[in-house]
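Everything below belongs to start.txt, which stores compact mmCIF, C-alpha atoms.
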# COMPACT_ATOMS: atom_id res chain seq x y z
CA MET A 8 -5.10 16.72 30.07
CA ALA A 9 -5.07 20.13 28.42
CA ALA A 10 -2.30 21.12 26.04
CA MET A 11 0.64 22.80 27.72
CA PRO A 12 0.68 26.56 27.01
CA LEU A 13 3.49 27.76 24.79
CA PRO A 14 6.08 30.29 26.06
CA ALA A 15 5.04 33.92 26.26
CA SER A 16 8.33 35.22 24.85
CA GLY A 17 8.28 35.36 21.07
CA GLN A 18 5.84 33.84 18.61
CA ASN A 19 5.87 30.21 17.54
CA VAL A 20 5.74 30.41 13.74
CA ALA A 21 5.76 26.61 13.32
CA LEU A 22 2.13 26.21 14.40
CA ALA A 23 -0.53 24.99 12.00
CA ARG A 24 -2.77 27.82 13.16
CA ALA A 25 0.00 30.27 12.19
CA GLY A 26 -0.16 28.91 8.63
CA ALA A 27 2.67 26.38 8.88
CA ARG A 28 2.50 22.97 7.17
CA ALA A 29 4.36 19.78 8.04
CA SER A 30 5.57 16.91 5.86
CA ALA A 31 7.71 13.86 6.54
CA SER A 32 9.86 11.16 4.99
CA SER A 33 7.16 8.59 5.82
CA VAL A 34 4.13 8.13 8.08
CA TYR A 35 3.45 5.06 10.20
CA SER A 36 0.74 2.89 8.62
CA GLY A 37 0.33 0.08 11.14
CA GLY A 38 -3.20 0.84 12.24
CA ARG A 39 -2.95 4.11 14.17
CA PHE A 40 -2.74 7.74 13.06
CA TYR A 41 0.61 9.59 13.38
CA PRO A 42 0.51 12.44 10.82
CA PRO A 43 3.19 15.14 10.41
CA ALA A 44 0.55 17.73 11.34
CA GLY A 45 0.47 16.26 14.85
CA ALA A 46 3.88 17.85 15.48
CA ILE A 47 2.64 21.41 14.88
CA ASP A 48 -0.66 21.35 16.79
CA GLY A 49 0.60 23.31 19.83
CA ASP A 50 0.56 20.38 22.29
CA ARG A 51 3.92 19.34 23.78
CA THR A 52 2.48 16.59 25.97
CA GLY A 53 1.41 14.13 23.25
CA THR A 54 -2.04 13.79 24.80
CA ASN A 55 -3.53 12.59 21.50
CA TRP A 56 -0.92 9.84 21.07
CA GLU A 57 -2.05 7.38 18.34
CA ASN A 58 -4.91 9.70 17.33
CA GLY A 59 -3.25 12.46 15.34
CA GLY A 60 -1.21 14.29 18.01
CA VAL A 61 2.23 12.80 17.29
CA TRP A 62 4.28 12.09 14.15
CA ALA A 63 5.92 8.68 13.72
CA ASP A 64 7.76 7.35 10.67
CA ASP A 65 7.09 4.04 8.90
CA THR A 66 10.62 2.64 8.48
CA VAL A 67 11.42 0.57 11.57
CA ASP A 68 15.14 0.60 12.48
CA GLN A 69 15.99 2.49 9.28
CA PHE A 70 17.48 5.98 9.44
CA PRO A 71 17.65 8.82 8.61
CA ASP A 72 14.05 10.00 8.86
CA TRP A 73 12.95 13.61 8.53
CA LEU A 74 10.17 15.96 9.51
CA ARG A 75 9.89 19.32 7.71
CA VAL A 76 7.88 22.41 8.61
CA ASP A 77 7.20 25.10 6.00
CA PHE A 78 6.22 28.48 7.45
CA ALA A 79 3.54 30.75 6.00
CA GLY A 80 6.40 32.86 4.60
CA ALA A 81 9.94 33.90 5.43
CA ARG A 82 10.43 34.21 9.20
CA THR A 83 13.35 35.32 11.38
CA ILE A 84 13.86 32.82 14.21
CA ASP A 85 16.36 32.38 17.06
CA ARG A 86 15.08 29.29 18.86
CA ILE A 87 13.85 25.78 17.99
CA ILE A 88 12.27 23.39 20.48
CA VAL A 89 11.73 19.68 19.75
CA THR A 90 9.68 17.44 22.04
CA THR A 91 9.74 13.65 21.74
CA VAL A 92 7.65 10.91 23.37
CA GLN A 93 7.58 10.41 27.12
CA ASP A 94 7.98 6.92 28.58
CA ASP A 95 4.55 7.08 30.21
CA TYR A 96 2.88 8.38 27.07
CA ALA A 97 -0.58 7.33 28.29
CA ASN A 98 -0.27 9.76 31.23
CA PRO A 99 1.81 12.64 29.84
CA VAL A 100 3.08 15.52 31.97
CA ASP A 101 4.62 18.91 31.33
CA PRO A 102 7.97 17.98 29.70
CA GLY A 103 9.67 21.30 30.39
CA ALA A 104 11.35 20.49 33.74
CA GLY A 105 14.21 18.22 32.65
CA LEU A 106 12.03 15.21 31.95
CA THR A 107 14.05 12.30 30.52
CA PHE A 108 13.11 9.19 28.55
CA ALA A 109 14.43 5.63 28.34
CA LEU A 110 12.02 3.92 25.94
CA PHE A 111 10.81 5.78 22.85
CA GLY A 112 12.50 9.15 22.24
CA LEU A 113 14.87 10.67 19.67
CA SER A 114 18.50 9.99 20.59
CA ASP A 115 20.39 11.53 17.65
CA PHE A 116 19.17 14.27 15.34
CA SER A 117 20.02 17.52 13.59
CA LEU A 118 17.97 20.73 13.58
CA GLN A 119 18.15 22.35 10.17
CA TYR A 120 16.89 25.32 8.18
CA TRP A 121 16.49 26.02 4.46
CA ASP A 122 18.84 28.77 3.20
CA GLY A 123 17.11 29.09 -0.15
CA ALA A 124 19.35 26.58 -1.90
CA GLN A 125 20.05 23.76 0.55
CA TRP A 126 19.52 22.53 4.11
CA GLN A 127 21.91 23.91 6.72
CA GLU A 128 22.32 22.90 10.35
CA VAL A 129 21.38 25.61 12.82
CA PRO A 130 24.24 26.58 15.17
CA GLY A 131 24.26 24.07 18.02
CA GLY A 132 21.71 21.95 16.21
CA ALA A 133 23.62 18.63 16.19
CA ILE A 134 22.22 16.52 19.04
CA ALA A 135 23.79 13.16 19.97
CA GLY A 136 23.03 10.76 22.82
CA ASN A 137 19.91 12.67 23.78
CA ARG A 138 17.71 11.54 26.68
CA GLN A 139 15.75 14.76 27.19
CA VAL A 140 12.08 14.70 26.22
CA LEU A 141 12.31 18.42 25.38
CA ARG A 142 15.42 19.90 23.70
CA GLU A 143 15.76 23.63 23.12
CA VAL A 144 18.43 25.17 20.88
CA ASN A 145 19.06 28.93 20.83
CA PHE A 146 21.11 30.70 18.14
CA ARG A 147 21.70 34.06 16.49
CA PRO A 148 18.62 35.12 14.51
CA LEU A 149 18.38 33.71 11.00
CA THR A 150 15.74 34.09 8.32
CA THR A 151 14.22 31.09 6.59
CA THR A 152 11.03 29.70 5.13
CA SER A 153 11.41 26.15 6.49
CA ILE A 154 12.97 24.14 9.29
CA GLY A 155 13.49 20.41 9.67
CA VAL A 156 14.56 17.64 11.99
CA LEU A 157 16.84 14.99 10.47
CA VAL A 158 16.70 11.94 12.74
CA THR A 159 19.63 9.55 12.69
CA GLY A 160 18.84 7.58 15.83
CA ALA A 161 15.79 6.81 17.99
CA LEU A 162 14.80 4.25 20.59
CA ALA A 163 12.34 1.42 19.88
CA GLY A 164 12.88 1.55 16.11
CA TYR A 165 10.80 4.55 15.06
CA SER A 166 11.26 8.33 14.92
CA ARG A 167 8.59 10.00 17.05
CA ILE A 168 8.09 13.75 17.42
CA VAL A 169 5.39 15.22 19.64
CA GLU A 170 6.02 18.87 18.77
CA ILE A 171 8.46 21.10 16.92
CA GLU A 172 8.44 24.85 17.59
CA ALA A 173 10.32 27.80 16.07
CA TYR A 174 10.29 31.23 17.70
CA GLU A 175 10.78 34.73 16.45
CA PRO A 176 13.07 36.78 18.71
CA GLY A 177 11.89 39.42 21.15
CA GLY A 178 8.44 40.00 22.53
CA THR A 179 5.22 38.64 21.21
CA ALA A 180 5.01 39.47 17.52
CA PRO A 181 1.67 40.32 15.94
CA ALA A 182 0.20 37.49 13.91
CA PRO A 183 -0.84 38.15 10.31
CA PRO A 184 -4.45 39.37 10.25
CA PRO A 185 -6.64 36.29 9.79
CA PRO A 186 -9.91 36.17 7.89
CA ALA A 187 -12.89 36.70 10.17
CA THR A 188 -14.47 33.34 9.45
CA PRO A 189 -12.38 31.11 7.21
CA ALA A 190 -14.17 28.54 5.16
CA ALA A 191 -13.62 24.92 6.10
CA SER A 192 -10.61 23.38 4.41
CA PRO A 193 -11.28 21.17 1.38
CA SER A 194 -12.14 17.50 1.71
CA VAL A 195 -12.65 14.62 -0.68
CA ARG A 196 -14.74 11.46 -0.32
CA LEU A 197 -13.30 8.32 -1.89
CA ALA A 198 -15.16 5.08 -2.65
CA TRP A 199 -14.03 1.62 -3.72
CA ASP A 200 -15.43 -1.83 -4.44
CA PRO A 201 -15.23 -4.19 -1.45
CA ASN A 202 -12.50 -6.82 -1.48
CA PRO A 203 -14.18 -10.27 -1.70
CA GLU A 204 -11.53 -12.28 0.20
CA ALA A 205 -12.90 -14.24 3.18
CA ASP A 206 -9.98 -13.29 5.45
CA LEU A 207 -10.18 -9.56 4.71
CA ALA A 208 -9.25 -7.52 7.81
CA GLY A 209 -9.29 -3.97 6.47
CA TYR A 210 -7.87 -1.35 4.13
CA VAL A 211 -5.00 1.14 4.16
CA LEU A 212 -5.77 4.39 2.34
CA VAL A 213 -2.64 6.37 1.41
CA TRP A 214 -2.18 9.78 -0.14
CA GLY A 215 0.44 12.43 -0.82
CA PRO A 216 1.45 15.43 -2.93
CA SER A 217 3.23 13.54 -5.74
CA PRO A 218 2.59 10.36 -7.76
CA GLY A 219 3.73 7.38 -5.71
CA VAL A 220 4.85 9.56 -2.79
CA TYR A 221 2.46 8.97 0.11
CA THR A 222 3.04 11.04 3.22
CA GLN A 223 -0.32 10.28 4.88
CA SER A 224 -2.27 7.11 5.56
CA TRP A 225 -5.45 5.94 7.23
CA THR A 226 -6.35 2.41 8.31
CA LEU A 227 -9.99 1.35 7.87
CA ASP A 228 -11.92 -1.74 8.91
CA ALA A 229 -13.16 -4.44 6.57
CA THR A 230 -16.68 -2.99 6.28
CA ALA A 231 -15.50 0.34 4.87
CA THR A 232 -16.11 1.16 1.21
CA THR A 233 -15.87 4.97 1.48
CA HIS A 234 -13.78 7.46 3.42
CA GLU A 235 -13.71 11.25 3.60
CA VAL A 236 -10.25 12.83 3.78
CA THR A 237 -10.45 16.25 5.42
CA SER A 238 -8.12 19.19 6.16
CA LEU A 239 -6.63 19.28 2.67
CA ALA A 240 -4.97 22.42 1.29
CA TRP A 241 -6.72 24.77 -1.11
CA GLY A 242 -5.57 24.68 -4.72
CA SER A 243 -3.43 21.57 -4.25
CA ARG A 244 -3.13 18.27 -6.09
CA TYR A 245 -3.27 14.98 -4.18
CA TYR A 246 -2.70 11.38 -5.22
CA PHE A 247 -4.69 8.59 -3.53
CA ALA A 248 -4.46 4.80 -3.57
CA ILE A 249 -5.76 1.95 -1.42
CA ARG A 250 -4.60 -1.53 -0.40
CA ALA A 251 -6.50 -4.32 1.34
CA PHE A 252 -4.91 -6.45 4.05
CA ASN A 253 -5.88 -9.79 5.57
CA ILE A 254 -5.95 -11.04 9.16
CA ALA A 255 -2.27 -11.97 8.91
CA GLY A 256 -1.41 -8.37 7.97
CA VAL A 257 -0.47 -9.25 4.37
CA GLN A 258 -1.38 -6.40 2.03
CA SER A 259 -2.78 -6.70 -1.47
CA LEU A 260 -1.42 -5.03 -4.58
CA GLN A 261 -2.13 -1.34 -4.65
CA SER A 262 -5.11 0.07 -6.52
CA ASP A 263 -4.79 2.46 -9.43
CA GLU A 264 -3.86 5.95 -8.27
CA VAL A 265 -6.58 8.60 -8.19
CA THR A 266 -5.69 12.27 -8.63
CA VAL A 267 -7.67 15.10 -7.01
CA LEU A 268 -7.14 18.85 -7.44
CA THR A 269 -8.81 20.86 -4.68
CA ASP A 270 -10.54 24.17 -5.36
CA PRO A 271 -8.64 27.46 -5.15
CA ALA A 272 -8.84 29.25 -1.81
CA PRO A 273 -12.05 31.28 -1.49
CA ALA A 274 -12.01 35.02 -1.05
CA TYR A 275 -12.54 36.28 2.50
CA MET A 276 -13.97 39.44 3.95
CA ARG A 277 -12.02 40.71 6.98
CA VAL A 278 -14.14 42.04 9.80
CA ASP A 279 -12.46 43.90 12.69
CA VAL A 280 -14.31 43.50 15.98
CA PRO A 281 -13.79 46.33 18.49

Could I get this structure in the form of structure tokens?
Amino acid sequence: MAAMPLPASGQNVALARAGARASASSVYSGGRFYPPAGAIDGDRTGTNWENGGVWADDTVDQFPDWLRVDFAGARTIDRIIVTTVQDDYANPVDPGAGLTFALFGLSDFSLQYWDGAQWQEVPGGAIAGNRQVLREVNFRPLTTTSIGVLVTGALAGYSRIVEIEAYEPGGTAPAPPPPATPAASPSVRLAWDPNPEADLAGYVLVWGPSPGVYTQSWTLDATATTHEVTSLAWGSRYYFAIRAFNIAGVQSLQSDEVTVLTDPAPAYMRVDVP
């Protein structure tokens, strides 16, 4: 199923392709891939459930959890839309027509923005007892660099967000001029010695922007001894570590942390095509 098109009125500034970046309080590490970036990929349906298209936290039945989106710069917005997981997530539909959930969605949460000193709730942004897959909140325009969802309740133990959107008011706003052909984002290939245990089942590779703070993870099978992490940010420092786990799911002690600093962003030449 193709991604649902976004509304024509206004510009969604919370998209990854608009320069936004997402981070979260934690990322589920139980064998599938639920990164924060999945919530800003432009797809409200959750078509790529378990494969990068949805964010889920890693603290079962523990709240609050949070998802944060940093824009490419200060933006004036008057609308935030949050979409959570449909009951029939394997066969998702357009969630915009009053679709409700009973199994997995966000029930209680707050939509917030950064005022330059602290997080503030957007007007009308306190949601309780929710059963709508898609919730839209409109408010007087405000200017901010970041928005967030603070989740205080969700069904089935985990916070799950399919998409978060933030719109500038008025008609379609022009996007910042992009480079003609941007270079591929940085990547790093990591290698480790194989774990010798007979009941080895696999590895969990974790990484994040600060020592001991891991916002991303990837689960690998027992044969893996290398992995390439892609889509990193230019000129950023990352901290990596790895743990082995056995067939019972018991994880080993964590490896020593490895620090990587990616290259600065390359210069681009803009080419205007008539």

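Atom pair atom CA of Thr233 of chain A / atom CA of Asp200 of chain A: separated by 9.0 Å.
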
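Using all atoms listed in the file for every distance, the candidate list A:Ala79, A:Val267, A:Ala248, A:Ala133 yields A:Ala79 as the residue closest to Thr152 of chain A.
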
Open item on the list: Which residue is closest to Gln125 of chain A? Choose from A:Asn58, A:Ser153, A:Ser33, A:Ser166 and count all atoms listed in the file.
Closed with: A:Ser153

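Here atom CA of Tyr174 of chain A is placed at a distance of 28.6 Å from atom CA of Leu110 of chain A.
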
- [ ] Can you work out which one of A:Ala23, A:Val236, A:Ala208, A:Val76 has the shortest atom-to-atom distance to Gly49 of chain A, counting all atoms listed in the file?
- [x] A:Ala23

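Pairwise distance (atom CA of Gly60 of chain A, atom CA of Ile171 of chain A) equals 11.9 Å.
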
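Near Asp68 of chain A, within 12 Å and counting all atoms listed in the file, sit A:Asp64, A:Asp72, A:Val158, A:Thr159, A:Gly160, A:Ala161, A:Leu162, A:Ala163, A:Gly164, A:Tyr165, A:Ser166; same-chain residues fewer than 4 positions away were not included.
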
Can you report as JSON the centre and edge lengths in Å, to one decimal, of an axis-aligned box around the listed atoms of segment 164-175 of chain A padded with 5 Å on each side?
{"center_x": 9.1, "center_y": 18.1, "center_z": 17.3, "size_x": 17.5, "size_y": 43.2, "size_z": 14.7}

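Each of A:Tyr245, A:Arg167, A:Val156, A:Asp85 was compared to Pro130 of chain A using all atoms listed in the file, and A:Asp85 turns out to be the nearest.
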
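Ranking A:Val129, A:Leu157, A:Ala240, A:Leu141 by their shortest atom-to-atom distance to Asp115 of chain A, with all atoms listed in the file included, puts A:Leu157 first.
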
List every residue of segment 67-157 of chain A that has an atom at most 12 Å from any atom of segment 218-227 of chain A, and for each one report the closest atom pair and its distance in Å to one decimal, counting only C-alpha atoms, with rows sorted by chain and then by increasing residue number, as a Markdown table.
| residue | atom | partner | partner_atom | distance |
| --- | --- | --- | --- | --- |
| A:Trp73 | CA | A:Thr222 | CA | 11.5 |
| A:Leu74 | CA | A:Thr222 | CA | 10.7 |
| A:Arg75 | CA | A:Thr222 | CA | 11.6 |

Give as a compact mmCIF listing (two decimals) with C-alpha atoms, in the frame of the given file the set of residues within 9 Å of the point (12.3, 22.1, 30.7), where distances use the file's coordinates and only C-alpha atoms.
# COMPACT_ATOMS: atom_id res chain seq x y z
CA ASP A 101 4.62 18.91 31.33
CA PRO A 102 7.97 17.98 29.70
CA GLY A 103 9.67 21.30 30.39
CA ALA A 104 11.35 20.49 33.74
CA GLY A 105 14.21 18.22 32.65
CA LEU A 106 12.03 15.21 31.95
CA GLN A 139 15.75 14.76 27.19
CA VAL A 140 12.08 14.70 26.22
CA LEU A 141 12.31 18.42 25.38
CA ARG A 142 15.42 19.90 23.70
CA GLU A 143 15.76 23.63 23.12

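Candidate residues A:Thr91, A:Thr83, A:Ser30, A:Asn137 were compared for distance to Trp56 of chain A, and the nearest is A:Thr91, using all atoms listed in the file.
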
Open item on the list: Counting all atoms listed in the file, which residues have an atom no more than 9 Å from (3.3, 9.1, 14.9) in the file's coordinates? Please list them as a PyMOL selection string.
Closed with: chain A and resi 34-35+39-43+45-46+56-65+165-169
